[in-house]
file query-v4.txt (compact mmCIF, C-alpha atoms)
# COMPACT_ATOMS: atom_id res chain seq x y z
CA GLU A 1 -25.56 23.55 -9.22
CA PHE A 2 -21.83 22.93 -9.67
CA TRP A 3 -19.31 24.36 -12.09
CA PHE A 4 -15.68 23.51 -12.70
CA CYS A 5 -12.55 25.49 -13.55
CA THR A 6 -9.59 24.35 -15.59
CA TYR A 7 -6.10 25.58 -14.66
CA VAL A 8 -4.39 27.09 -17.72
CA GLY A 9 -1.24 28.74 -16.34
CA GLY A 10 0.27 31.14 -13.87
CA LEU A 11 2.73 34.03 -13.80
CA ASN A 12 4.48 35.65 -10.82
CA GLY A 13 2.35 33.76 -8.36
CA GLU A 14 -0.91 34.59 -10.14
CA LEU A 15 -3.41 31.88 -10.99
CA PHE A 16 -5.38 31.87 -14.22
CA VAL A 17 -8.34 29.60 -14.81
CA GLU A 18 -10.56 28.89 -17.73
CA VAL A 19 -14.25 28.70 -16.91
CA PRO A 20 -16.24 26.67 -19.46
CA GLY A 21 -19.60 28.15 -20.29
CA GLU A 22 -21.51 30.52 -18.06
CA LEU A 23 -21.34 30.80 -14.29
CA PRO A 24 -24.10 28.97 -12.44
CA SER A 25 -27.39 30.74 -12.00
CA ASP A 26 -29.55 30.79 -8.87
CA LYS A 27 -31.76 28.10 -10.39
CA VAL A 28 -32.14 24.97 -8.27
CA VAL A 29 -30.78 21.91 -10.08
CA GLY A 30 -31.12 18.39 -8.68
CA THR A 31 -32.36 17.19 -5.32
CA ASP A 32 -29.13 16.44 -3.44
CA THR A 33 -28.72 17.95 0.02
CA VAL A 34 -25.30 18.80 1.44
CA ALA A 35 -24.26 19.10 5.10
CA ILE A 36 -20.89 20.65 5.96
CA GLY A 37 -18.90 20.53 9.20
CA ASP A 38 -15.64 22.19 10.18
CA THR A 39 -15.37 21.78 13.95
CA SER A 40 -14.12 18.54 15.46
CA ALA A 41 -17.55 17.76 16.92
CA GLU A 42 -19.34 18.46 13.63
CA ARG A 43 -16.93 16.40 11.53
CA THR A 44 -17.04 13.46 13.93
CA ALA A 45 -20.83 13.67 14.01
CA LEU A 46 -21.04 13.65 10.21
CA MET A 47 -18.84 10.57 9.99
CA LEU A 48 -20.80 8.66 12.64
CA HIS A 49 -24.08 9.79 11.05
CA THR A 50 -22.95 8.42 7.67
CA ILE A 51 -22.14 5.05 9.19
CA ASP A 52 -25.26 4.91 11.35
CA LYS A 53 -27.73 5.81 8.60
CA ALA A 54 -26.43 3.32 6.03
CA GLU A 55 -29.20 0.82 5.34
CA LYS A 56 -27.62 -1.73 3.02
CA SER A 57 -23.93 -1.09 2.52
CA ILE A 58 -20.93 1.12 3.11
CA ASP A 59 -17.75 1.36 1.03
CA VAL A 60 -14.72 3.13 2.48
CA SER A 61 -11.58 4.22 0.64
CA ALA A 62 -9.16 6.03 2.89
CA PHE A 63 -5.63 7.19 3.46
CA VAL A 64 -6.04 6.37 7.16
CA VAL A 65 -8.62 4.42 9.17
CA SER A 66 -8.05 4.41 12.92
CA GLU A 67 -9.14 1.67 15.28
CA GLU A 68 -11.80 4.06 16.56
CA VAL A 69 -13.38 4.30 13.10
CA ALA A 70 -12.93 0.57 12.50
CA ARG A 71 -14.87 -0.10 15.71
CA ALA A 72 -17.73 2.09 14.47
CA LEU A 73 -17.91 0.12 11.22
CA VAL A 74 -17.89 -3.22 13.02
CA ASP A 75 -20.54 -2.01 15.46
CA LYS A 76 -22.79 -0.95 12.57
CA ARG A 77 -22.40 -4.33 10.86
CA ASP A 78 -23.15 -6.16 14.12
CA ARG A 79 -26.26 -4.07 14.85
CA MET A 80 -27.65 -4.74 11.39
CA LYS A 81 -26.90 -8.45 11.78
CA ALA A 82 -28.70 -8.52 15.13
CA GLU A 83 -31.75 -7.01 13.43
CA GLY A 84 -31.65 -9.70 10.77
CA LYS A 85 -30.76 -7.22 8.03
CA PRO A 86 -28.04 -8.00 5.46
CA PHE A 87 -25.28 -5.39 5.42
CA ASP A 88 -22.12 -5.19 3.33
CA ALA A 89 -19.02 -3.24 4.33
CA ARG A 90 -15.77 -2.97 2.37
CA VAL A 91 -12.64 -0.97 3.14
CA VAL A 92 -9.64 -0.12 0.96
CA LEU A 93 -6.62 1.36 2.76
CA ASP A 94 -3.51 3.11 1.53
CA PRO A 95 -0.40 0.97 2.15
CA GLY A 96 1.91 3.89 2.91
CA VAL A 97 4.41 3.44 5.76
CA TYR A 98 6.11 5.77 8.21
CA GLY A 99 9.72 6.67 7.55
CA TYR A 100 10.70 4.66 10.62
CA GLY A 101 8.55 1.68 9.59
CA GLY A 102 5.00 0.58 10.27
CA THR A 103 1.78 2.02 8.90
CA PRO A 104 -0.82 4.37 10.42
CA ASN A 105 -3.43 1.83 9.29
CA GLU A 106 -2.05 -1.08 11.30
CA LYS A 107 -4.48 -0.95 14.22
CA GLY A 108 -7.51 -0.19 12.07
CA PHE A 109 -6.63 -2.96 9.61
CA ARG A 110 -6.15 -5.52 12.35
CA TYR A 111 -9.44 -4.62 14.02
CA LEU A 112 -11.36 -4.89 10.75
CA GLU A 113 -9.68 -8.16 9.86
CA ASP A 114 -10.20 -9.65 13.33
CA HIS A 115 -13.91 -8.83 13.09
CA ASP A 116 -14.39 -10.12 9.54
CA ILE A 117 -14.92 -6.82 7.74
CA PRO A 118 -13.51 -7.25 4.20
CA VAL A 119 -10.44 -5.00 3.93
CA LYS A 120 -7.80 -4.62 1.24
CA TRP A 121 -4.61 -2.64 0.60
CA ALA A 122 -4.54 -0.39 -2.46
CA VAL A 123 -2.04 -1.33 -5.18
CA LEU A 124 -2.04 1.54 -7.67
CA ASP A 125 0.10 1.77 -10.78
CA ARG A 126 2.80 4.43 -10.63
CA SER A 127 2.09 7.65 -12.51
CA ASN A 128 5.82 7.80 -13.30
CA PRO A 129 8.94 5.91 -12.13
CA GLY A 130 9.49 8.29 -9.25
CA HIS A 131 5.97 8.59 -7.86
CA ASP A 132 3.88 6.00 -6.04
CA ARG A 133 0.22 6.91 -6.37
CA LYS A 134 -1.69 6.90 -3.10
CA VAL A 135 -5.26 6.42 -2.02
CA HIS A 136 -5.53 9.84 -0.43
CA ALA A 137 -9.30 9.72 -0.23
CA LYS A 138 -11.41 10.26 2.86
CA LEU A 139 -14.51 8.70 1.38
CA MET A 140 -17.50 6.76 2.66
CA VAL A 141 -20.24 5.84 0.18
CA THR A 142 -23.44 4.24 1.40
CA ASP A 143 -26.72 3.41 -0.26
CA ASN A 144 -28.13 6.83 0.65
CA MET A 145 -25.27 9.31 1.12
CA MET A 146 -21.59 10.09 0.65
CA LEU A 147 -19.07 11.50 3.13
CA THR A 148 -15.96 13.23 1.81
CA GLY A 149 -13.74 16.21 2.55
CA SER A 150 -10.21 16.77 3.86
CA THR A 151 -10.63 14.87 7.14
CA ASN A 152 -8.69 11.63 7.40
CA PHE A 153 -10.40 8.94 9.46
CA SER A 154 -7.71 9.27 12.13
CA SER A 155 -7.79 10.54 15.70
CA LYS A 156 -5.62 13.56 14.91
CA ALA A 157 -7.68 14.59 11.90
CA LEU A 158 -11.01 14.13 13.64
CA HIS A 159 -10.10 15.66 16.99
CA SER A 160 -7.14 18.01 16.51
CA ASN A 161 -6.62 19.23 12.96
CA TRP A 162 -8.40 22.05 11.16
CA GLU A 163 -10.32 20.16 8.49
CA LEU A 164 -13.56 20.18 6.53
CA SER A 165 -16.06 17.36 5.97
CA ASP A 166 -19.25 17.23 3.95
CA VAL A 167 -22.07 14.76 3.51
CA VAL A 168 -24.06 14.60 0.29
CA TYR A 169 -27.50 13.04 0.69
CA PHE A 170 -28.46 11.37 -2.57
CA GLY A 171 -31.68 12.61 -4.08
CA ASP A 172 -34.42 10.65 -5.79
CA ASP A 173 -33.81 11.95 -9.30
CA ASP A 174 -32.05 10.44 -12.30
CA ALA A 175 -28.97 12.67 -12.05
CA SER A 176 -28.42 11.83 -8.39
CA ARG A 177 -28.92 8.11 -8.96
CA ALA A 178 -26.42 8.25 -11.83
CA LYS A 179 -23.82 9.91 -9.59
CA GLN A 180 -24.42 7.32 -6.90
CA GLN A 181 -24.03 4.49 -9.41
CA GLN A 182 -20.79 6.01 -10.72
CA LEU A 183 -19.35 6.22 -7.21
CA HIS A 184 -20.10 2.55 -6.58
CA GLN A 185 -18.62 1.60 -9.96
CA ASP A 186 -15.44 3.54 -9.17
CA PHE A 187 -15.12 1.76 -5.84
CA ASP A 188 -15.79 -1.61 -7.46
CA HIS A 189 -12.92 -0.93 -9.87
CA LEU A 190 -10.61 0.00 -6.99
CA TRP A 191 -11.68 -3.08 -5.02
CA ASN A 192 -11.44 -5.56 -7.90
CA LYS A 193 -8.57 -4.17 -9.99
CA GLU A 194 -6.37 -1.98 -7.79
CA ALA A 195 -6.40 -3.53 -4.32
CA LEU A 196 -4.82 -6.57 -2.72
CA SER A 197 -6.20 -8.79 0.05
CA ILE A 198 -3.65 -9.98 2.63
CA ASN A 199 -4.93 -12.32 5.32
CA THR A 200 -2.43 -11.70 8.10
CA LYS A 201 -4.21 -14.07 10.47
CA GLU A 202 -3.76 -16.94 8.04
CA LEU A 203 -0.13 -15.98 7.44
CA ALA A 204 0.53 -15.87 11.19
CA GLU A 205 -1.12 -19.27 11.72
CA ARG A 206 1.06 -20.79 9.02
CA LYS A 207 4.16 -19.24 10.56
CA PHE A 208 3.37 -20.53 14.05
CA ALA A 209 2.49 -23.96 12.67
CA ALA A 210 5.84 -24.10 10.86
CA ARG A 211 7.67 -23.17 14.07
CA ALA A 212 5.79 -25.81 16.03
CA GLN A 213 6.90 -28.47 13.58
CA GLY A 214 10.51 -27.48 14.10
CA PRO A 215 13.40 -27.65 11.64

call {"tool": "encode", "arguments": {"input": "query-v4.txt", "output": "C-alpha cells"}}
result
Amino acid sequence: EFWFCTYVGGLNGELFVEVPGELPSDKVVGTDTVAIGDTSAERTALMLHTIDKAEKSIDVSAFVVSEEVARALVDKRDRMKAEGKPFDARVVLDPGVYGYGGTPNEKGFRYLEDHDIPVKWAVLDRSNPGHDRKVHAKLMVTDNMMLTGSTNFSSKALHSNWELSDVVYFGDDDASRAKQQQLHQDFDHLWNKEALSINTKELAERKFAARAQGP
C-alpha cells in the first residue's frame, strides 16, 4: 500500500509535509510484487532481467542509454524474432549535450538506429523561458513489469555510482492493470507528441551523395 506526502513549506532547514488521510495500515492491498537492488550487480541484474523477461514489448524512456544497454535491447529483439515471436521495442532519449559538445547518448543512439530499433529524441516544452525540461527518467516498461529508480542506463551508473533500482511486477488485478495501462499511455504520449525522430543514416547518405555529385 502506498501513500503520498505534499510539501507545504519549510523554515530554518526544517521540512513540513501534509499527509492526506490516514497512514497506511498493515493490510495487503493489490498483487504487485517489488524487487529492489542497490549494489552494482543487483541493479545490473534487475535491468537485464526486465529486458529478458519481456514477452511482447518494451518501452524505454531514459536520460542516458549506453551502447551496452542498447546491445541488450537489440539482442532481446533478435532472440524473439528468431523464435518467430513478434516483439516491439521503442526508446526515447534525452537530447542533452555535454558542455564541450556531443551527447552521452551518441553511441547508444547509433547502435539502436543501426540495428533498426525505433528511437527518438525527446522534445519537451519549456517550463519557463530559462529552463529546458529533460527526460530524466530511468524507465523500462514491458508487458509484465516496470523498472525504475535512480540508476541511469549508463556504464558509470550501473557499475560505479551508488544508486537504487526497483522492479515492479504487474499483478493480475484491476488496479495493477490500470496502472500498467496508464504507464503505456504516458509513454505513447511522449512518443507521439513530445519526441522527434531523426534518421542520421539517411541524412548521412544524402550528404555523401551530394558530395559525390560535386558543386

call {"tool": "residues_around", "arguments": {"input": "query-v4.txt", "residues": "A:Val64", "least_positions_apart": "3", "cutoff": "12 Å", "atoms": "all atoms listed in the file", "output": "ChimeraX atom specification"}}
result
/A:60-61,67-70,91-97,103-109,121-122,134-139,150-158

call {"tool": "atom_distance", "arguments": {"input": "query-v4.txt", "atom1": "atom CA of A:Glu163", "atom2": "atom CA of A:Pro118"}}
result
27.9 Å

call {"tool": "atom_distance", "arguments": {"input": "query-v4.txt", "atom1": "atom CA of A:Lys76", "atom2": "atom CA of A:His49"}}
result
10.9 Å

call {"tool": "atom_distance", "arguments": {"input": "query-v4.txt", "atom1": "atom CA of A:Ala54", "atom2": "atom CA of A:Ser40"}}
result
21.7 Å

call {"tool": "residues_around", "arguments": {"input": "query-v4.txt", "residues": "A:Trp191", "least_positions_apart": "2", "cutoff": "9 Å", "atoms": "all atoms listed in the file", "output": "list in words"}}
result
Arg90, Val91, Val92, Lys120, Ala122, Asp186, Phe187, Asp188, His189, Lys193, Glu194, Ala195 and Leu196 of chain A

call {"tool": "residues_around", "arguments": {"input": "query-v4.txt", "residues": "stretch 141-148 of chain A", "least_positions_apart": "5", "cutoff": "8 Å", "atoms": "all atoms listed in the file", "output": "ChimeraX atom specification"}}
result
/A:46-47,50-51,54-60,165-170,183-184

call {"tool": "write_last_selection", "arguments": {"input": "query-v4.txt", "atoms": "C-alpha atoms", "output": "PDB file, in the coordinates of the input"}}
result
ATOM      1  CA  LEU A  46     -21.040  13.650  10.210  1.00  0.00           C
ATOM      2  CA  MET A  47     -18.840  10.570   9.990  1.00  0.00           C
ATOM      3  CA  THR A  50     -22.950   8.420   7.670  1.00  0.00           C
ATOM      4  CA  ILE A  51     -22.140   5.050   9.190  1.00  0.00           C
ATOM      5  CA  ALA A  54     -26.430   3.320   6.030  1.00  0.00           C
ATOM      6  CA  GLU A  55     -29.200   0.820   5.340  1.00  0.00           C
ATOM      7  CA  LYS A  56     -27.620  -1.730   3.020  1.00  0.00           C
ATOM      8  CA  SER A  57     -23.930  -1.090   2.520  1.00  0.00           C
ATOM      9  CA  ILE A  58     -20.930   1.120   3.110  1.00  0.00           C
ATOM     10  CA  ASP A  59     -17.750   1.360   1.030  1.00  0.00           C
ATOM     11  CA  VAL A  60     -14.720   3.130   2.480  1.00  0.00           C
ATOM     12  CA  SER A 165     -16.060  17.360   5.970  1.00  0.00           C
ATOM     13  CA  ASP A 166     -19.250  17.230   3.950  1.00  0.00           C
ATOM     14  CA  VAL A 167     -22.070  14.760   3.510  1.00  0.00           C
ATOM     15  CA  VAL A 168     -24.060  14.600   0.290  1.00  0.00           C
ATOM     16  CA  TYR A 169     -27.500  13.040   0.690  1.00  0.00           C
ATOM     17  CA  PHE A 170     -28.460  11.370  -2.570  1.00  0.00           C
ATOM     18  CA  LEU A 183     -19.350   6.220  -7.210  1.00  0.00           C
ATOM     19  CA  HIS A 184     -20.100   2.550  -6.580  1.00  0.00           C
TER      20      HIS A 184
END

call {"tool": "closest_residue", "arguments": {"input": "query-v4.txt", "among": "A:Ile117, A:Met140, A:Leu124, A:Ala35", "to": "A:Asp52", "atoms": "all atoms listed in the file"}}
result
A:Met140

call {"tool": "axis_aligned_box", "arguments": {"input": "query-v4.txt", "around": "stretch 174-183 of chain A", "padding_each_side": "4 Å", "output": "lines of an AutoDock Vina configuration file"}}
result
center_x = -25.7
center_y = 8.6
center_z = -9.6
size_x = 20.7
size_y = 16.2
size_z = 13.4

call {"tool": "closest_residue", "arguments": {"input": "query-v4.txt", "among": "A:Ala178, A:Gln213, A:Leu164, A:Val119", "to": "A:Ile198", "atoms": "all atoms listed in the file"}}
result
A:Val119

call {"tool": "closest_residue", "arguments": {"input": "query-v4.txt", "among": "A:Leu112, A:Phe63, A:Thr31, A:Pro129", "to": "A:Arg77", "atoms": "only C-alpha atoms"}}
result
A:Leu112
